[in-house]
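**Q** One structure is given below, represented as structure tokens, and several questions about it will come after.
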Amino acid sequence: MTTGTDHIRHFDGIGPVRFTRSARAGRMRIQVRAGEGVSVVMPLGMVLETAEGFLLSRKEWIQRAQQKFAQVRLSPTVFRPGEAFPIRNYSLKMVKAPGNMLRTWLRDNDLMVSFPETANPEDARVQAFVRKSIERLLKAEALTYLPARTAMFARLHGLSCSGVKVRNNRTRWGSCSSQDSISLNIHLMRLPDALIDYVVLHELVHTVHRNHGPGFHQLLEKVYPGHRKAEKLLRNYSPGVF
Ligand SMILES: [Zn+2]
């Protein structure tokens, strides 16, 4: 478990950096993650100035890692008629309709959206409506799927959580509170099933190990073999951008 206060400092050419002290850290570690910025984990006894000095000595390496993430940064989808957008059990279907109204409904396995025949489907008003319709469906899907899936895995592996909340969150796929309450993002419903399971199990394992130390990874690998690969694949998606 991480201990000590977080410090966030800004560095020219790097941006904000979060410093955390951990009893488990044998030496200092620098992490650069897409969407999460740069973080430094340092041993309890290390003074902040030493950590900052080391960070600056790795500035070029950090900048290269940041550039790599910038290239894969996702841009929002432009929804177009005739282009499929999968939403777990559904697929988006956009159709023209007379009048000036935007409408949405479910038909079999399609999320139907109708837009005025006089409007350009790429207009901001149409795009915002489609995005909102998708989010509403994601939430409904998440509510039926995620709590049940979490309960199933908890039973299967003898883990327990005090509850499952479903949230629309821009930054995190999931979290686990100190009271073992798990929050899961409705945007998980845009991911392949295997990655949804990875996030569910990741959070369930946090009810046993609150950190990302060796014990955490050992248990997660036991309940989700190949979890490191899933962790990498997850970086191709963003909860906030679709
Ligand atoms: Zn975690």
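Ordering of the structure tokens sets the chain letters (A, B, ...); residue numbers start at 1 within each chain; ligands are numbered from 1 in the order shown.
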What are the closest atom pairs, with distances in Å to one decimal, for all residues of chain A lying within 9 Å of ligand 1? Consider only C-alpha atoms and all ligand atoms, order rows by chain and residue number, and present the result as a Markdown table.

**A**
```
| residue | atom | partner | partner_atom_place_in_ligand_line | distance |
| --- | --- | --- | --- | --- |
| A:Gly174 | CA | ligand 1 | 1 (Zn) | 8.0 |
| A:Ser175 | CA | ligand 1 | 1 (Zn) | 6.9 |
| A:Cys176 | CA | ligand 1 | 1 (Zn) | 7.9 |
| A:Val199 | CA | ligand 1 | 1 (Zn) | 8.7 |
| A:His202 | CA | ligand 1 | 1 (Zn) | 6.1 |
| A:Glu203 | CA | ligand 1 | 1 (Zn) | 6.3 |
| A:Val205 | CA | ligand 1 | 1 (Zn) | 8.4 |
| A:His206 | CA | ligand 1 | 1 (Zn) | 6.6 |
| A:Arg210 | CA | ligand 1 | 1 (Zn) | 7.6 |
| A:Asn211 | CA | ligand 1 | 1 (Zn) | 6.8 |
| A:His212 | CA | ligand 1 | 1 (Zn) | 6.1 |
| A:Phe216 | CA | ligand 1 | 1 (Zn) | 8.8 |
```

**Q** Let's see if you can do this: from backbone DSSP, list all helix (DSSP H, G or I) residues in segment 39-144 of chain A, as a PyMOL selection string.

**A** chain A and resi 48-57+59-72+124-144

**Q** Please produce a file of the residues just selected, as an mmCIF file, in the first residue's frame, where the atoms kept are C-alpha atoms.

**A**
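again.cif, written as the output of this step:
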```cif
data_model
loop_
_atom_site.group_PDB
_atom_site.id
_atom_site.type_symbol
_atom_site.label_atom_id
_atom_site.label_comp_id
_atom_site.auth_asym_id
_atom_site.auth_seq_id
_atom_site.Cartn_x
_atom_site.Cartn_y
_atom_site.Cartn_z
ATOM 1 C CA LEU A 48 12.183 14.621 -2.668
ATOM 2 C CA GLU A 49 15.221 16.502 -4.042
ATOM 3 C CA THR A 50 16.990 13.228 -4.865
ATOM 4 C CA ALA A 51 13.897 11.973 -6.685
ATOM 5 C CA GLU A 52 13.586 15.232 -8.626
ATOM 6 C CA GLY A 53 17.234 15.071 -9.647
ATOM 7 C CA PHE A 54 16.820 11.531 -10.921
ATOM 8 C CA LEU A 55 13.618 12.485 -12.746
ATOM 9 C CA LEU A 56 15.389 15.319 -14.564
ATOM 10 C CA SER A 57 18.271 13.014 -15.536
ATOM 11 C CA LYS A 59 13.949 13.792 -19.028
ATOM 12 C CA GLU A 60 14.680 12.650 -22.603
ATOM 13 C CA TRP A 61 13.429 9.140 -21.935
ATOM 14 C CA ILE A 62 10.219 10.576 -20.415
ATOM 15 C CA GLN A 63 9.664 12.875 -23.393
ATOM 16 C CA ARG A 64 10.088 9.976 -25.820
ATOM 17 C CA ALA A 65 7.506 7.943 -23.881
ATOM 18 C CA GLN A 66 5.109 10.914 -23.879
ATOM 19 C CA GLN A 67 5.493 11.333 -27.642
ATOM 20 C CA LYS A 68 4.724 7.655 -28.172
ATOM 21 C CA PHE A 69 1.462 8.048 -26.239
ATOM 22 C CA ALA A 70 0.598 11.259 -28.057
ATOM 23 C CA GLN A 71 0.705 9.370 -31.365
ATOM 24 C CA VAL A 72 -1.766 6.715 -30.227
ATOM 25 C CA ALA A 124 -22.450 18.956 -34.052
ATOM 26 C CA ARG A 125 -26.106 18.719 -32.993
ATOM 27 C CA VAL A 126 -26.535 15.288 -34.622
ATOM 28 C CA GLN A 127 -23.181 13.992 -33.360
ATOM 29 C CA ALA A 128 -23.911 15.100 -29.790
ATOM 30 C CA PHE A 129 -27.305 13.411 -29.919
ATOM 31 C CA VAL A 130 -25.781 10.149 -31.183
ATOM 32 C CA ARG A 131 -23.096 10.231 -28.513
ATOM 33 C CA LYS A 132 -25.696 10.820 -25.788
ATOM 34 C CA SER A 133 -27.890 8.005 -27.113
ATOM 35 C CA ILE A 134 -24.907 5.654 -27.063
ATOM 36 C CA GLU A 135 -24.027 6.634 -23.498
ATOM 37 C CA ARG A 136 -27.590 5.951 -22.364
ATOM 38 C CA LEU A 137 -27.455 2.492 -23.908
ATOM 39 C CA LEU A 138 -23.989 1.837 -22.452
ATOM 40 C CA LYS A 139 -25.363 2.661 -19.012
ATOM 41 C CA ALA A 140 -28.341 0.334 -19.388
ATOM 42 C CA GLU A 141 -26.075 -2.446 -20.653
ATOM 43 C CA ALA A 142 -23.572 -1.827 -17.859
ATOM 44 C CA LEU A 143 -26.269 -2.038 -15.179
ATOM 45 C CA THR A 144 -27.428 -5.456 -16.337
#
```

**Q** List every residue of segment 98-238 of chain A that DSSP, applied to the backbone of this structure, assigns to strand (DSSP E), and report them as a ChimeraX atom specification.

**A** /A:103-107,110-116,163-167,174-176,181-185

**Q** Could the residues in this selection be saved with C-alpha atoms as a PDB file, in the first residue's frame?

**A**
```pdb
ATOM      1  CA  ARG A 103     -34.995  10.419 -32.349  1.00  0.00           C
ATOM      2  CA  THR A 104     -33.545   7.242 -30.897  1.00  0.00           C
ATOM      3  CA  TRP A 105     -34.986   3.789 -30.191  1.00  0.00           C
ATOM      4  CA  LEU A 106     -33.917   0.162 -30.014  1.00  0.00           C
ATOM      5  CA  ARG A 107     -34.851  -2.241 -32.774  1.00  0.00           C
ATOM      6  CA  ASP A 110     -29.744  -1.939 -33.469  1.00  0.00           C
ATOM      7  CA  LEU A 111     -29.550   1.372 -31.671  1.00  0.00           C
ATOM      8  CA  MET A 112     -31.557   3.420 -34.123  1.00  0.00           C
ATOM      9  CA  VAL A 113     -30.980   7.160 -34.466  1.00  0.00           C
ATOM     10  CA  SER A 114     -32.961   9.204 -36.946  1.00  0.00           C
ATOM     11  CA  PHE A 115     -31.868  12.660 -38.020  1.00  0.00           C
ATOM     12  CA  PRO A 116     -33.570  15.317 -40.193  1.00  0.00           C
ATOM     13  CA  GLY A 163     -21.144  -3.468  -3.697  1.00  0.00           C
ATOM     14  CA  VAL A 164     -20.820  -2.562  -7.343  1.00  0.00           C
ATOM     15  CA  LYS A 165     -21.508   0.933  -8.626  1.00  0.00           C
ATOM     16  CA  VAL A 166     -21.793   1.768 -12.286  1.00  0.00           C
ATOM     17  CA  ARG A 167     -20.503   5.206 -13.289  1.00  0.00           C
ATOM     18  CA  GLY A 174     -12.707   1.049 -12.451  1.00  0.00           C
ATOM     19  CA  SER A 175     -11.803   1.581  -8.828  1.00  0.00           C
ATOM     20  CA  CYS A 176     -12.076  -0.178  -5.504  1.00  0.00           C
ATOM     21  CA  SER A 181     -16.969  -1.108  -2.926  1.00  0.00           C
ATOM     22  CA  ILE A 182     -16.191  -1.447  -6.629  1.00  0.00           C
ATOM     23  CA  SER A 183     -16.981   1.239  -9.211  1.00  0.00           C
ATOM     24  CA  LEU A 184     -17.042   0.299 -12.872  1.00  0.00           C
ATOM     25  CA  ASN A 185     -17.267   2.544 -15.904  1.00  0.00           C
TER      26      ASN A 185
END
```

**Q** Find, counting only C-alpha atoms, the residue in A:Arg27, A:Val17, A:Asp180, A:Pro81 that gets nearest to Met94 of chain A.

**A**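 That would be A:Pro81, the residue with the smallest distance to Met94 of chain A.
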
**Q** Between atom CA of Arg21 of chain A and atom CA of Met42 of chain A, what is the distance, to one decimal in Å?

**A** 4.9 Å

**Q** Have a look at atom CA of Pro121 of chain A and atom CA of Pro86 of chain A and let me know their distance in Å, one decimal.

**A**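 Atom-to-atom, atom CA of Pro121 of chain A to atom CA of Pro86 of chain A, that is 18.1 Å.
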
**Q** Do you know which residues are at most 8 Å from segment 190-193 of chain A counting only C-alpha atoms, after dropping those on the same chain fewer than 3 positions away, and could you put them as a VMD selection string?

**A** chain A and resid 86 to 88 138 187 196 to 197 237

**Q** For the residues selected in the previous step, produce a file with N, CA and C atoms as a PDB file, in the first residue's frame.

**A**
```
ATOM      1  N   PRO A  86     -20.052  -0.612 -32.880  1.00  0.00           N
ATOM      2  CA  PRO A  86     -20.576  -1.647 -31.995  1.00  0.00           C
ATOM      3  C   PRO A  86     -20.681  -1.174 -30.546  1.00  0.00           C
ATOM      4  N   ILE A  87     -21.791  -1.541 -29.920  1.00  0.00           N
ATOM      5  CA  ILE A  87     -22.007  -1.235 -28.498  1.00  0.00           C
ATOM      6  C   ILE A  87     -22.421  -2.550 -27.857  1.00  0.00           C
ATOM      7  N   ARG A  88     -21.443  -3.386 -27.552  1.00  0.00           N
ATOM      8  CA  ARG A  88     -21.687  -4.722 -26.992  1.00  0.00           C
ATOM      9  C   ARG A  88     -22.739  -5.506 -27.776  1.00  0.00           C
ATOM     10  N   LEU A 138     -25.129   2.412 -23.178  1.00  0.00           N
ATOM     11  CA  LEU A 138     -23.989   1.837 -22.452  1.00  0.00           C
ATOM     12  C   LEU A 138     -24.331   1.688 -20.981  1.00  0.00           C
ATOM     13  N   HIS A 187     -18.387   2.823 -19.873  1.00  0.00           N
ATOM     14  CA  HIS A 187     -17.677   2.726 -21.149  1.00  0.00           C
ATOM     15  C   HIS A 187     -16.960   1.387 -21.327  1.00  0.00           C
ATOM     16  N   ILE A 196     -13.218  -6.468 -20.481  1.00  0.00           N
ATOM     17  CA  ILE A 196     -14.158  -6.153 -19.394  1.00  0.00           C
ATOM     18  C   ILE A 196     -13.826  -7.044 -18.201  1.00  0.00           C
ATOM     19  N   ASP A 197     -13.632  -8.344 -18.473  1.00  0.00           N
ATOM     20  CA  ASP A 197     -13.302  -9.281 -17.397  1.00  0.00           C
ATOM     21  C   ASP A 197     -11.997  -8.895 -16.717  1.00  0.00           C
ATOM     22  N   TYR A 237      -7.709   1.869 -25.611  1.00  0.00           N
ATOM     23  CA  TYR A 237      -9.046   2.447 -25.433  1.00  0.00           C
ATOM     24  C   TYR A 237      -8.965   3.543 -24.389  1.00  0.00           C
TER      25      TYR A 237
END
```

**Q** Which residue gives the smallest distance to Ser22 of chain A among A:Glu231, A:Asp6, A:Glu221, A:Asp123, with only C-alpha atoms counted?

**A**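 Selected residue with least distance to Ser22 of chain A: A:Asp6.
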
**Q** Taking only C-alpha atoms into account, which of A:Lys222, A:Arg172, A:Lys93, A:Arg24 comes nearest Gly240 of chain A?

**A** A:Arg172
